[in-house]
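Dropping data.txt in here (compact mmCIF, C-alpha atoms and all ligand atoms):
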```txt
# COMPACT_ATOMS: atom_id res chain seq x y z
CA MET G 1 -130.70 -43.48 30.45
CA ASN G 2 -130.69 -39.94 31.78
CA THR G 3 -126.95 -39.28 31.75
CA ILE G 4 -127.11 -35.97 33.63
CA GLN G 5 -129.25 -37.46 36.39
CA LEU G 6 -126.94 -40.46 36.76
CA LEU G 7 -123.87 -38.19 36.84
CA LYS G 8 -125.46 -36.08 39.60
CA THR G 9 -126.25 -39.20 41.63
CA LEU G 10 -122.73 -40.57 41.24
CA VAL G 11 -121.04 -37.26 42.11
CA GLU G 12 -123.27 -36.77 45.15
CA THR G 13 -122.41 -40.32 46.26
CA GLU G 14 -118.91 -39.46 47.44
CA SER G 15 -116.29 -42.19 47.20
CA PRO G 16 -112.83 -41.49 48.63
CA SER G 17 -110.52 -44.42 47.85
CA HIS G 18 -109.86 -45.36 51.48
CA ASP G 19 -113.53 -45.47 52.50
CA LYS G 20 -114.77 -48.93 51.52
CA ALA G 21 -118.38 -48.35 52.53
CA ALA G 22 -118.51 -45.15 50.48
CA VAL G 23 -116.99 -46.68 47.33
CA ASP G 24 -119.29 -49.69 47.71
CA ARG G 25 -122.28 -47.32 47.57
CA VAL G 26 -121.12 -46.21 44.12
CA GLY G 27 -120.51 -49.86 43.24
CA ALA G 28 -124.13 -50.68 44.07
CA ILE G 29 -125.39 -47.91 41.77
CA VAL G 30 -123.11 -49.05 38.93
CA ALA G 31 -124.18 -52.69 39.35
CA GLU G 32 -127.86 -51.70 39.27
CA GLU G 33 -127.44 -49.57 36.13
CA ALA G 34 -125.49 -52.34 34.38
CA ARG G 35 -128.16 -54.91 35.26
CA LYS G 36 -130.83 -52.63 33.80
CA LEU G 37 -128.89 -52.84 30.54
CA GLY G 38 -128.94 -56.63 30.71
CA ALA G 39 -125.43 -57.21 32.01
CA GLN G 40 -124.24 -60.20 33.98
CA VAL G 41 -122.79 -58.44 37.00
CA GLU G 42 -120.13 -59.91 39.22
CA VAL G 43 -119.13 -58.14 42.42
CA ILE G 44 -115.44 -58.90 42.96
CA PRO G 45 -115.05 -58.78 46.74
CA ASN G 46 -112.23 -56.75 48.19
CA SER G 47 -111.62 -56.37 51.89
CA ARG G 48 -109.02 -53.58 51.66
CA THR G 49 -110.91 -51.06 49.56
CA GLY G 50 -114.24 -51.05 47.75
CA ASP G 51 -115.42 -54.06 45.76
CA HIS G 52 -114.75 -54.03 42.02
CA ILE G 53 -117.78 -54.29 39.74
CA LEU G 54 -117.47 -56.44 36.64
CA SER G 55 -120.32 -56.22 34.11
CA LYS G 56 -120.47 -58.41 31.03
CA TRP G 57 -122.60 -58.24 27.92
CA GLY G 58 -122.12 -61.39 25.89
CA SER G 59 -119.10 -63.68 26.01
CA GLY G 60 -116.40 -65.10 23.76
CA GLU G 61 -113.44 -63.84 21.75
CA GLY G 62 -112.78 -60.39 20.37
CA GLY G 63 -114.51 -58.43 23.08
CA ILE G 64 -113.92 -54.84 24.11
CA LEU G 65 -113.01 -53.95 27.68
CA LEU G 66 -114.16 -50.64 29.16
CA LEU G 67 -112.14 -49.50 32.17
CA CYS G 68 -113.43 -47.07 34.79
CA HIS G 69 -112.65 -46.31 38.41
CA MET G 70 -115.19 -45.38 41.05
CA ASP G 71 -112.96 -43.83 43.70
CA THR G 72 -112.02 -40.16 43.95
CA VAL G 73 -109.34 -38.16 45.75
CA PHE G 74 -111.87 -36.11 47.74
CA PRO G 75 -112.65 -36.79 51.41
CA LEU G 76 -116.24 -37.30 52.54
CA GLY G 77 -118.00 -33.98 53.07
CA THR G 78 -116.35 -32.19 50.13
CA ILE G 79 -119.72 -32.23 48.41
CA GLN G 80 -121.16 -29.97 51.14
CA ARG G 81 -118.63 -27.26 50.31
CA ILE G 82 -118.49 -27.87 46.57
CA PRO G 83 -121.89 -29.17 45.54
CA TYR G 84 -122.70 -30.69 42.18
CA ARG G 85 -123.77 -27.77 40.03
CA GLU G 86 -124.63 -27.12 36.42
CA GLU G 87 -123.58 -23.65 35.36
CA GLY G 88 -123.67 -22.46 31.78
CA ASP G 89 -121.97 -25.05 29.60
CA ARG G 90 -120.17 -26.69 32.53
CA ILE G 91 -120.85 -29.19 35.28
CA PHE G 92 -118.86 -28.80 38.48
CA GLY G 93 -118.38 -31.16 41.39
CA PRO G 94 -115.77 -33.37 43.02
CA GLY G 95 -115.04 -36.35 40.80
CA THR G 96 -117.07 -35.15 37.81
CA LEU G 97 -114.15 -35.37 35.39
CA ASP G 98 -112.11 -37.97 37.28
CA MET G 99 -114.09 -40.00 36.60
CA LYS G 100 -117.75 -40.29 37.48
CA ALA G 101 -118.59 -38.90 34.02
CA GLY G 102 -116.49 -41.70 32.53
CA ILE G 103 -118.69 -44.30 34.24
CA VAL G 104 -121.82 -42.60 32.89
CA ILE G 105 -120.35 -42.47 29.38
CA ALA G 106 -119.39 -46.16 29.48
CA LEU G 107 -122.88 -47.26 30.52
CA ALA G 108 -124.66 -44.92 28.13
CA ALA G 109 -122.38 -46.00 25.28
CA VAL G 110 -123.28 -49.64 25.87
CA GLU G 111 -126.96 -48.70 25.87
CA SER G 112 -126.58 -46.72 22.66
CA ALA G 113 -124.54 -49.45 20.95
CA GLN G 114 -127.16 -52.04 21.91
CA ARG G 115 -129.82 -49.96 20.15
CA SER G 116 -127.77 -49.80 16.95
CA GLY G 117 -126.78 -53.45 16.79
CA LEU G 118 -123.90 -54.33 19.08
CA ASN G 119 -122.60 -57.72 18.01
CA ARG G 120 -119.52 -58.36 20.11
CA PRO G 121 -118.89 -59.02 23.79
CA VAL G 122 -118.38 -55.96 25.96
CA THR G 123 -116.99 -55.99 29.48
CA LEU G 124 -117.01 -53.06 31.88
CA LEU G 125 -114.69 -53.13 34.87
CA CYS G 126 -115.26 -50.42 37.48
CA THR G 127 -112.48 -50.50 40.04
CA SER G 128 -112.25 -49.03 43.51
CA ASP G 129 -108.62 -48.06 44.04
CA GLU G 130 -107.19 -46.29 40.99
CA GLU G 131 -106.36 -43.10 42.86
CA ILE G 132 -104.22 -44.97 45.38
CA GLY G 133 -102.27 -47.16 42.97
CA SER G 134 -104.73 -49.88 41.84
CA HIS G 135 -103.08 -52.42 44.15
CA THR G 136 -106.13 -54.69 44.41
CA SER G 137 -107.43 -54.15 40.87
CA ARG G 138 -104.27 -54.43 38.78
CA ALA G 139 -104.37 -58.22 38.41
CA HIS G 140 -108.03 -58.09 37.29
CA ILE G 141 -107.27 -55.31 34.81
CA GLU G 142 -104.35 -57.23 33.30
CA ALA G 143 -106.22 -60.55 33.08
CA LEU G 144 -109.27 -58.98 31.41
CA ALA G 145 -107.13 -56.86 29.06
CA LYS G 146 -105.28 -59.95 27.81
CA GLU G 147 -108.60 -61.50 26.71
CA SER G 148 -109.70 -58.37 24.87
CA ALA G 149 -109.31 -57.10 21.31
CA LEU G 150 -109.39 -53.51 22.51
CA VAL G 151 -109.29 -51.69 25.85
CA LEU G 152 -111.01 -48.32 26.23
CA VAL G 153 -110.12 -46.27 29.30
CA LEU G 154 -112.72 -43.69 30.30
CA GLU G 155 -110.41 -41.24 32.03
CA GLY G 156 -111.14 -37.65 31.04
CA GLY G 157 -109.80 -36.34 27.75
CA LEU G 158 -107.50 -33.37 27.36
CA ILE G 159 -109.12 -29.94 27.39
CA ASP G 160 -109.23 -29.82 23.57
CA GLY G 161 -110.81 -33.28 23.48
CA SER G 162 -107.61 -35.11 22.55
CA LEU G 163 -107.22 -38.71 23.61
CA LYS G 164 -104.26 -39.62 25.80
CA THR G 165 -101.99 -41.66 23.58
CA TRP G 166 -99.01 -41.55 25.92
CA ARG G 167 -98.61 -41.36 29.66
CA LYS G 168 -95.58 -41.17 31.85
CA GLY G 169 -94.69 -44.01 34.18
CA VAL G 170 -95.19 -43.25 37.86
CA GLY G 171 -93.10 -44.38 40.78
CA GLY G 172 -92.11 -43.20 44.20
CA PHE G 173 -89.53 -43.38 46.94
CA THR G 174 -89.44 -42.92 50.67
CA VAL G 175 -86.07 -41.67 51.88
CA LYS G 176 -85.19 -41.89 55.55
CA VAL G 177 -82.31 -40.18 57.32
CA ASN G 178 -81.18 -41.29 60.76
CA GLY G 179 -79.08 -38.92 62.84
CA ARG G 180 -78.50 -38.71 66.57
CA ALA G 181 -80.66 -36.82 69.05
CA ALA G 182 -79.05 -34.49 71.58
CA HIS G 183 -79.91 -31.41 73.68
CA ALA G 184 -79.77 -28.41 71.35
CA GLY G 185 -78.27 -26.24 74.09
CA GLY G 186 -76.15 -28.50 76.28
CA GLU G 187 -74.79 -31.06 73.83
CA HIS G 188 -75.11 -29.54 70.39
CA GLN G 189 -71.83 -31.03 69.18
CA MET G 190 -72.99 -34.53 70.20
CA GLY G 191 -75.99 -34.47 67.90
CA ARG G 192 -76.28 -35.39 64.25
CA ASN G 193 -79.04 -33.32 62.72
CA ALA G 194 -81.17 -35.53 60.46
CA ILE G 195 -82.93 -32.51 58.95
CA GLU G 196 -79.62 -30.92 57.98
CA GLU G 197 -78.54 -34.16 56.34
CA MET G 198 -81.87 -34.40 54.55
CA ALA G 199 -81.42 -30.89 53.19
CA HIS G 200 -78.39 -32.17 51.27
CA GLN G 201 -80.33 -35.22 50.08
CA VAL G 202 -83.32 -33.16 48.91
CA ILE G 203 -81.09 -31.11 46.62
CA ALA G 204 -79.45 -34.25 45.25
CA ILE G 205 -82.81 -35.92 44.62
CA GLN G 206 -84.35 -32.90 42.91
CA GLN G 207 -81.31 -32.68 40.64
CA LEU G 208 -82.01 -36.12 39.20
CA THR G 209 -84.79 -34.41 37.21
CA ASP G 210 -83.99 -34.33 33.49
CA TYR G 211 -86.55 -32.43 31.41
CA SER G 212 -84.76 -33.38 28.19
CA LYS G 213 -85.70 -37.00 28.96
CA GLN G 214 -89.14 -36.12 30.40
CA THR G 215 -87.99 -37.41 33.79
CA THR G 216 -89.13 -35.53 36.88
CA LEU G 217 -88.63 -36.00 40.61
CA ASN G 218 -90.61 -34.13 43.20
CA VAL G 219 -89.84 -34.22 46.92
CA GLY G 220 -93.42 -33.66 47.90
CA VAL G 221 -93.59 -34.49 51.59
CA ILE G 222 -91.07 -33.93 54.39
CA GLN G 223 -91.31 -34.89 58.03
CA GLY G 224 -88.68 -34.60 60.75
CA GLY G 225 -87.85 -33.43 64.21
CA THR G 226 -89.91 -33.15 67.36
CA VAL G 227 -89.29 -29.87 69.23
CA THR G 228 -86.89 -26.99 68.60
CA ASN G 229 -84.53 -27.72 71.49
CA VAL G 230 -83.78 -31.27 70.39
CA ILE G 231 -81.42 -32.11 67.54
CA PRO G 232 -83.65 -34.16 65.24
CA GLU G 233 -82.88 -37.84 65.07
CA GLU G 234 -85.06 -38.67 62.08
CA CYS G 235 -86.23 -37.10 58.87
CA THR G 236 -88.26 -38.68 56.08
CA VAL G 237 -89.23 -37.48 52.63
CA ARG G 238 -91.54 -38.93 50.04
CA VAL G 239 -90.69 -38.46 46.41
CA ASP G 240 -92.83 -38.68 43.25
CA VAL G 241 -91.00 -39.92 40.14
CA ARG G 242 -92.24 -39.71 36.53
CA VAL G 243 -90.43 -41.37 33.64
CA MET G 244 -91.14 -41.77 29.95
CA GLN G 245 -88.02 -43.15 28.29
CA PRO G 246 -86.48 -46.60 28.51
CA GLY G 247 -83.70 -46.83 31.08
CA GLU G 248 -84.71 -43.75 33.00
CA TRP G 249 -86.39 -45.61 35.84
CA GLU G 250 -83.27 -47.75 36.19
CA ARG G 251 -81.09 -44.61 36.29
CA ILE G 252 -83.23 -43.08 39.03
CA GLU G 253 -83.45 -46.29 41.03
CA ALA G 254 -79.67 -46.72 40.99
CA ALA G 255 -79.09 -43.09 42.01
CA MET G 256 -81.58 -43.32 44.86
CA GLN G 257 -80.04 -46.50 46.17
CA ASN G 258 -76.67 -44.79 45.97
CA LEU G 259 -77.52 -41.71 48.04
CA LYS G 260 -74.60 -41.14 50.42
CA PRO G 261 -74.76 -39.17 53.65
CA VAL G 262 -72.87 -35.89 53.67
CA LEU G 263 -72.61 -35.50 57.46
CA ASP G 264 -70.58 -37.96 59.53
CA GLY G 265 -72.67 -40.21 61.72
CA THR G 266 -75.88 -40.09 59.71
CA ARG G 267 -77.50 -42.82 57.62
CA VAL G 268 -79.58 -42.54 54.46
CA GLU G 269 -81.91 -45.22 53.19
CA ALA G 270 -84.18 -45.12 50.13
CA THR G 271 -86.95 -47.57 49.28
CA GLY G 272 -89.27 -47.34 46.32
CA ARG G 273 -90.66 -48.80 43.16
CA LEU G 274 -92.18 -48.05 39.78
CA ASN G 275 -95.90 -48.40 40.32
CA ARG G 276 -97.14 -47.68 36.80
CA PRO G 277 -94.90 -48.39 33.78
CA PRO G 278 -94.78 -45.76 31.04
CA MET G 279 -97.32 -45.87 28.22
CA PRO G 280 -95.34 -44.77 25.17
CA PHE G 281 -96.75 -43.61 21.81
CA ASP G 282 -95.43 -46.77 20.20
CA GLU G 283 -96.38 -48.68 17.05
CA THR G 284 -99.36 -50.43 18.67
CA MET G 285 -100.66 -47.12 19.97
CA LYS G 286 -100.17 -45.40 16.62
CA THR G 287 -102.03 -48.13 14.74
CA THR G 288 -104.84 -48.22 17.31
CA PHE G 289 -105.22 -44.45 17.28
CA GLU G 290 -105.26 -44.30 13.46
CA LYS G 291 -107.98 -46.93 13.32
CA ALA G 292 -110.03 -45.05 15.93
CA ARG G 293 -109.50 -41.81 14.01
CA GLY G 294 -110.95 -43.42 10.90
CA ILE G 295 -114.00 -44.71 12.77
CA ALA G 296 -114.55 -41.33 14.48
CA ALA G 297 -114.32 -39.49 11.16
CA LYS G 298 -117.35 -41.44 9.92
CA ILE G 299 -119.49 -39.75 12.59
CA GLY G 300 -117.89 -36.37 11.90
CA VAL G 301 -115.53 -36.37 14.87
CA GLU G 302 -111.95 -35.29 14.30
CA LEU G 303 -109.98 -37.29 16.83
CA LYS G 304 -106.75 -35.78 18.13
CA SER G 305 -103.98 -37.31 20.15
CA GLY G 306 -102.08 -35.94 23.11
CA GLY G 307 -100.54 -37.16 26.31
CA SER G 308 -100.26 -36.71 30.04
CA GLY G 309 -97.69 -36.78 32.79
CA GLY G 310 -100.30 -38.42 34.97
CA GLY G 311 -100.71 -42.18 35.17
CA SER G 312 -103.89 -44.22 34.81
CA ASP G 313 -104.82 -47.88 34.62
CA ALA G 314 -103.95 -47.66 30.93
CA ASN G 315 -100.31 -47.80 32.04
CA PHE G 316 -100.86 -51.41 33.13
CA VAL G 317 -102.42 -52.37 29.80
CA ALA G 318 -99.79 -50.77 27.56
CA PRO G 319 -96.95 -53.25 28.27
CA LEU G 320 -99.29 -56.15 27.38
CA GLY G 321 -99.37 -54.98 23.75
CA VAL G 322 -103.17 -54.99 23.67
CA PRO G 323 -104.71 -52.19 21.54
CA LEU G 324 -105.60 -49.41 23.91
CA LEU G 325 -107.20 -45.97 23.90
CA ASP G 326 -107.29 -43.68 26.93
CA GLY G 327 -108.92 -40.32 27.59
CA LEU G 328 -112.32 -41.30 26.20
CA GLY G 329 -114.13 -39.87 29.21
CA ALA G 330 -115.62 -36.39 29.51
CA ILE G 331 -113.75 -33.24 28.54
CA GLY G 332 -112.90 -30.70 31.21
CA GLU G 333 -110.15 -29.68 33.54
CA GLY G 334 -109.10 -29.24 37.16
CA TYR G 335 -108.11 -32.84 37.91
CA HIS G 336 -107.76 -33.54 41.64
CA SER G 337 -108.70 -29.96 42.47
CA GLU G 338 -111.83 -28.31 43.73
CA ARG G 339 -112.13 -26.46 40.40
CA GLU G 340 -112.85 -29.75 38.63
CA TYR G 341 -115.51 -29.52 35.92
CA ILE G 342 -116.62 -31.04 32.65
CA PHE G 343 -118.22 -29.49 29.58
CA ALA G 344 -121.82 -30.73 29.65
CA GLU G 345 -121.98 -31.34 25.91
CA SER G 346 -118.92 -33.58 26.05
CA LEU G 347 -121.02 -36.24 27.80
CA GLU G 348 -123.18 -36.83 24.74
CA GLN G 349 -120.23 -36.43 22.33
CA ARG G 350 -118.24 -39.11 24.09
CA VAL G 351 -121.23 -41.45 24.36
CA GLN G 352 -121.52 -41.20 20.56
CA LEU G 353 -117.82 -41.81 20.07
CA VAL G 354 -117.50 -44.74 22.48
CA SER G 355 -120.67 -46.43 21.25
CA THR G 356 -119.42 -46.12 17.66
CA LEU G 357 -116.11 -47.70 18.66
CA LEU G 358 -117.97 -50.53 20.40
CA ARG G 359 -120.05 -51.18 17.30
CA ASP G 360 -117.61 -50.56 14.47
CA TRP G 361 -114.17 -51.65 15.78
ZN ZN K 401 -108.96 -41.07 37.16
```

Rewritten as structure tokens:
Amino acid sequence: MNTIQLLKTLVETESPSHDKAAVDRVGAIVAEEARKLGAQVEVIPNSRTGDHILSKWGSGEGGILLLCHMDTVFPLGTIQRIPYREEGDRIFGPGTLDMKAGIVIALAAVESAQRSGLNRPVTLLCTSDEEIGSHTSRAHIEALAKESALVLVLEGGLIDGSLKTWRKGVGGFTVKVNGRAAHAGGEHQMGRNAIEEMAHQVIAIQQLTDYSKQTTLNVGVIQGGTVTNVIPEECTVRVDVRVMQPGEWERIEAAMQNLKPVLDGTRVEATGRLNRPPMPFDETMKTTFEKARGIAAKIGVELKSGGSGGGSDANFVAPLGVPLLDGLGAIGEGYHSEREYIFAESLEQRVQLVSTLLRDW
């Protein structure tokens, strides 16, 4: 397999999460590559977003599950402005790191492990909706993880190559304020300004952040009002919440449900949920990482552990208690930005590492 060529093809085949036809084009490439390696490929149909591609080598107990996603955060046409390009020791392009390179590494690792005597079942699930919450893939991920001895997630590693052995949980809220519209000149006193009320709420929400507990809230989007001479009747914000420690989600949820209006005659309503539970560096993770470190050392790789405030599909696997390693994809930086790149040599390094894990676990 020519990993660089496949990476270029996958990056140039853009796949924003909400564009089913686009993600399905990547799915077709993945299915074809997996079949070339002798996989039984099942296309899991999905009407909302792209189909999920399930590839199996062998069957039975004690298998290893490789998890990848095919969607990216970049709208169609980004590739015209930011083309795939190899420059020095780096490869740039939308979705290189997150995580087209991860797909390439997974496939190439299977190929490499097959050459050196792979003797256990391997399953590769490539999903279509990770960047928008994995709503249609979560059940498949959980069911497959429960049958597996080990789950390897091919999200990019940290910039120093560390695996991601903890991740914060990710949730969100929508908060709506209702006021009363009125003419800003003629009947100012009759109005109840929803934006003014929301200003109070925004401060209260931001203050729920507690760095000492690794809990953060970010009011990231605000919408309200219509024209300047009307007292705004409605204002809405959307809030990103990250939690790591037990009880913190419950604290935030209670506080959000308890938001009280400051101005008479306005109403505040918050709705939200925890989408991805935290992935703590717990006993299972420690044991799994130590075992992986031992296996990596045999091929001269010094495996390091780190973490991320960002969520991934690993967050769904962690609560199941199944041994799990995340961040096995390429090494680079610039997630979700147009600066995104990977170090070219990390492709081959990770193929070596993942194929060794597949063979020697
Ligand atoms: Zn990703």

Cut-off 8 Å, only C-alpha atoms and all ligand atoms, neighbours of ligand ZN 401 (chain K) as a compact mmCIF listing (two decimals) with C-alpha atoms, in the coordinates of the input:
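The resulting selection-v2.txt:
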```
# COMPACT_ATOMS: atom_id res chain seq x y z
CA CYS G 68 -113.43 -47.07 34.79
CA HIS G 69 -112.65 -46.31 38.41
CA THR G 72 -112.02 -40.16 43.95
CA LEU G 97 -114.15 -35.37 35.39
CA ASP G 98 -112.11 -37.97 37.28
CA MET G 99 -114.09 -40.00 36.60
CA GLU G 130 -107.19 -46.29 40.99
CA GLU G 131 -106.36 -43.10 42.86
CA GLU G 155 -110.41 -41.24 32.03
CA GLY G 156 -111.14 -37.65 31.04
CA SER G 312 -103.89 -44.22 34.81
```

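For G:Leu37, the list of residues within 9 Å, based on only C-alpha atoms and with local chain neighbours fewer than 5 positions off taken out, reads Glu32, Trp57, Leu107, Val110, Glu111 and Gln114 of chain G.
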
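For the pair atom CA of G:Thr287 and atom CA of G:Gly306, the separation is 14.8 Å.
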
Inset, instruction - Find, counting all atoms listed in the file, the residue in G:Phe281, G:Tyr335, G:Phe289, G:Phe173 that gets nearest to G:Val239. - result: G:Phe173

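If you look at atom CA of G:Asp282 and atom CA of G:Gly294, they are 18.4 Å away from each other.
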
Legend entry - Among the residues G:Ala318, G:Val43, G:Ile203, G:Met256, the one that comes closest to G:Glu142 [using only C-alpha atoms]: G:Ala318

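One distance worth recording is that between atom CA of G:Gln206 and atom CA of G:Val73, which is 25.7 Å.
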
Inset, instruction - Tell me which protein, DNA and RNA residues are within 8 Å of stretch 336-344 of chain G, counting only C-alpha atoms, leaving out same-chain ones fewer than 6 positions away, and put them as an MDAnalysis selection string. - result: chainID G and resid 73:74 82 89:98 330

Taking C-alpha atoms for each residue, export the selection above as an mmCIF file, keeping the file's coordinate frame.
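The result, written out as selection20.cif:
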```
data_model
loop_
_atom_site.group_PDB
_atom_site.id
_atom_site.type_symbol
_atom_site.label_atom_id
_atom_site.label_comp_id
_atom_site.auth_asym_id
_atom_site.auth_seq_id
_atom_site.Cartn_x
_atom_site.Cartn_y
_atom_site.Cartn_z
ATOM 1 C CA VAL G 73 -109.340 -38.160 45.750
ATOM 2 C CA PHE G 74 -111.870 -36.110 47.740
ATOM 3 C CA ILE G 82 -118.490 -27.870 46.570
ATOM 4 C CA ASP G 89 -121.970 -25.050 29.600
ATOM 5 C CA ARG G 90 -120.170 -26.690 32.530
ATOM 6 C CA ILE G 91 -120.850 -29.190 35.280
ATOM 7 C CA PHE G 92 -118.860 -28.800 38.480
ATOM 8 C CA GLY G 93 -118.380 -31.160 41.390
ATOM 9 C CA PRO G 94 -115.770 -33.370 43.020
ATOM 10 C CA GLY G 95 -115.040 -36.350 40.800
ATOM 11 C CA THR G 96 -117.070 -35.150 37.810
ATOM 12 C CA LEU G 97 -114.150 -35.370 35.390
ATOM 13 C CA ASP G 98 -112.110 -37.970 37.280
ATOM 14 C CA ALA G 330 -115.620 -36.390 29.510
#
```

Write out as a Markdown table a residue-level contact list of stretch 158-225 of chain G versus stretch 257-277 of chain G with cut-off 9 Å: for each qualifying residue the closest pair of atoms and the distance in Å to one decimal, counting all atoms listed in the file, rows sorted by chain and residue number upward.
```
| residue | atom | partner | partner_atom | distance |
| --- | --- | --- | --- | --- |
| G:Arg167 | CA | G:Pro277 | CA | 9.0 |
| G:Lys168 | CA | G:Pro277 | CA | 7.5 |
| G:Gly169 | CA | G:Pro277 | CA | 4.4 |
| G:Val170 | CA | G:Arg276 | CA | 5.0 |
| G:Gly171 | CA | G:Leu274 | CA | 3.9 |
| G:Gly172 | CA | G:Gly272 | CA | 5.4 |
| G:Phe173 | CA | G:Gly272 | CA | 4.0 |
| G:Thr174 | CA | G:Thr271 | CA | 5.5 |
| G:Val175 | CA | G:Ala270 | CA | 4.3 |
| G:Lys176 | CA | G:Glu269 | CA | 5.2 |
| G:Val177 | CA | G:Val268 | CA | 4.6 |
| G:Asn178 | CA | G:Arg267 | CA | 5.1 |
| G:Gly179 | CA | G:Thr266 | CA | 4.6 |
| G:Arg180 | CA | G:Thr266 | CA | 7.5 |
| G:Arg192 | CA | G:Gly265 | CA | 6.5 |
| G:Asn193 | CA | G:Thr266 | CA | 8.1 |
| G:Ala194 | CA | G:Thr266 | CA | 7.0 |
| G:Glu196 | CA | G:Leu263 | CA | 8.4 |
| G:Glu197 | CA | G:Leu263 | CA | 6.2 |
| G:Met198 | CA | G:Val268 | CA | 8.5 |
| G:His200 | CA | G:Val262 | CA | 7.1 |
| G:Gln201 | CA | G:Leu259 | CA | 7.4 |
| G:Ala204 | CA | G:Leu259 | CA | 8.2 |
| G:Ile205 | CA | G:Leu259 | CA | 8.6 |
```

Atoms to include: C-alpha atoms. Write the selected residues as a compact mmCIF listing (two decimals), in the frame of the given file.
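As a result, selection_36.txt now contains:
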```txt
# COMPACT_ATOMS: atom_id res chain seq x y z
CA ARG G 167 -98.61 -41.36 29.66
CA LYS G 168 -95.58 -41.17 31.85
CA GLY G 169 -94.69 -44.01 34.18
CA VAL G 170 -95.19 -43.25 37.86
CA GLY G 171 -93.10 -44.38 40.78
CA GLY G 172 -92.11 -43.20 44.20
CA PHE G 173 -89.53 -43.38 46.94
CA THR G 174 -89.44 -42.92 50.67
CA VAL G 175 -86.07 -41.67 51.88
CA LYS G 176 -85.19 -41.89 55.55
CA VAL G 177 -82.31 -40.18 57.32
CA ASN G 178 -81.18 -41.29 60.76
CA GLY G 179 -79.08 -38.92 62.84
CA ARG G 180 -78.50 -38.71 66.57
CA ARG G 192 -76.28 -35.39 64.25
CA ASN G 193 -79.04 -33.32 62.72
CA ALA G 194 -81.17 -35.53 60.46
CA GLU G 196 -79.62 -30.92 57.98
CA GLU G 197 -78.54 -34.16 56.34
CA MET G 198 -81.87 -34.40 54.55
CA HIS G 200 -78.39 -32.17 51.27
CA GLN G 201 -80.33 -35.22 50.08
CA ALA G 204 -79.45 -34.25 45.25
CA ILE G 205 -82.81 -35.92 44.62
```

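Compared by their closest atoms to G:Arg120, and using only C-alpha atoms, the residues G:Leu358, G:Ile4, G:Ala314, G:Val230 rank with G:Leu358 nearest.
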
Inset, instruction - Using only C-alpha atoms, determine which residues lie at most 8 Å from G:Val243, disregarding the query and same-chain residues fewer than 2 positions distant; provide the list as a PyMOL selection string. - result: chain G and resi 168-170+213-216+241+245+248-249+278

Inset, instruction - Would you mind telling me which residue in G:Leu217, G:Val41, G:Val354, G:Ala149 lies nearest to G:Pro323 when using all atoms listed in the file? - result: G:Ala149

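Nearest residue to G:Ala34 among G:Lys56, G:Gly334, G:Ser355, G:Ile222 is G:Lys56, counting only C-alpha atoms.
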
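Distance annotation: of G:Gln80, G:Ser162, G:Gln5, G:Thr127, the residue with the minimal separation from G:Ser308 is G:Ser162; atom set is all atoms listed in the file.
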
If you count all atoms listed in the file, which residues fall within 12 Å of G:Thr284, apart from same-chain ones fewer than 5 positions away, as a short mmCIF file (atom, residue, chain, number, x, y, z; two decimals) with C-alpha atoms, keeping the file's coordinate frame?
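Final output, selection_31.cif:
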```cif
data_model
loop_
_atom_site.label_atom_id
_atom_site.label_comp_id
_atom_site.auth_asym_id
_atom_site.auth_seq_id
_atom_site.Cartn_x
_atom_site.Cartn_y
_atom_site.Cartn_z
CA LEU G 150 -109.39 -53.51 22.51
CA THR G 165 -101.99 -41.66 23.58
CA TRP G 166 -99.01 -41.55 25.92
CA MET G 279 -97.32 -45.87 28.22
CA PHE G 289 -105.22 -44.45 17.28
CA GLU G 290 -105.26 -44.30 13.46
CA LYS G 291 -107.98 -46.93 13.32
CA VAL G 317 -102.42 -52.37 29.80
CA ALA G 318 -99.79 -50.77 27.56
CA PRO G 319 -96.95 -53.25 28.27
CA LEU G 320 -99.29 -56.15 27.38
CA GLY G 321 -99.37 -54.98 23.75
CA VAL G 322 -103.17 -54.99 23.67
CA PRO G 323 -104.71 -52.19 21.54
CA LEU G 324 -105.60 -49.41 23.91
CA LEU G 325 -107.20 -45.97 23.90
#
```

Inset, instruction - List the neighbours of G:Ile44 out to 7 Å using only C-alpha atoms; skip same-chain residues closer than 6 positions along the sequence, and give me the result as a VMD selection string. - result: chain G and resid 51 to 53

Edge lengths and centre in Å, axis-aligned, stretch 30-38 of chain G plus 5 Å each side, as JSON:
```
{"center_x": -127.0, "center_y": -52.8, "center_z": 34.9, "size_x": 17.7, "size_y": 17.6, "size_z": 18.8}
```
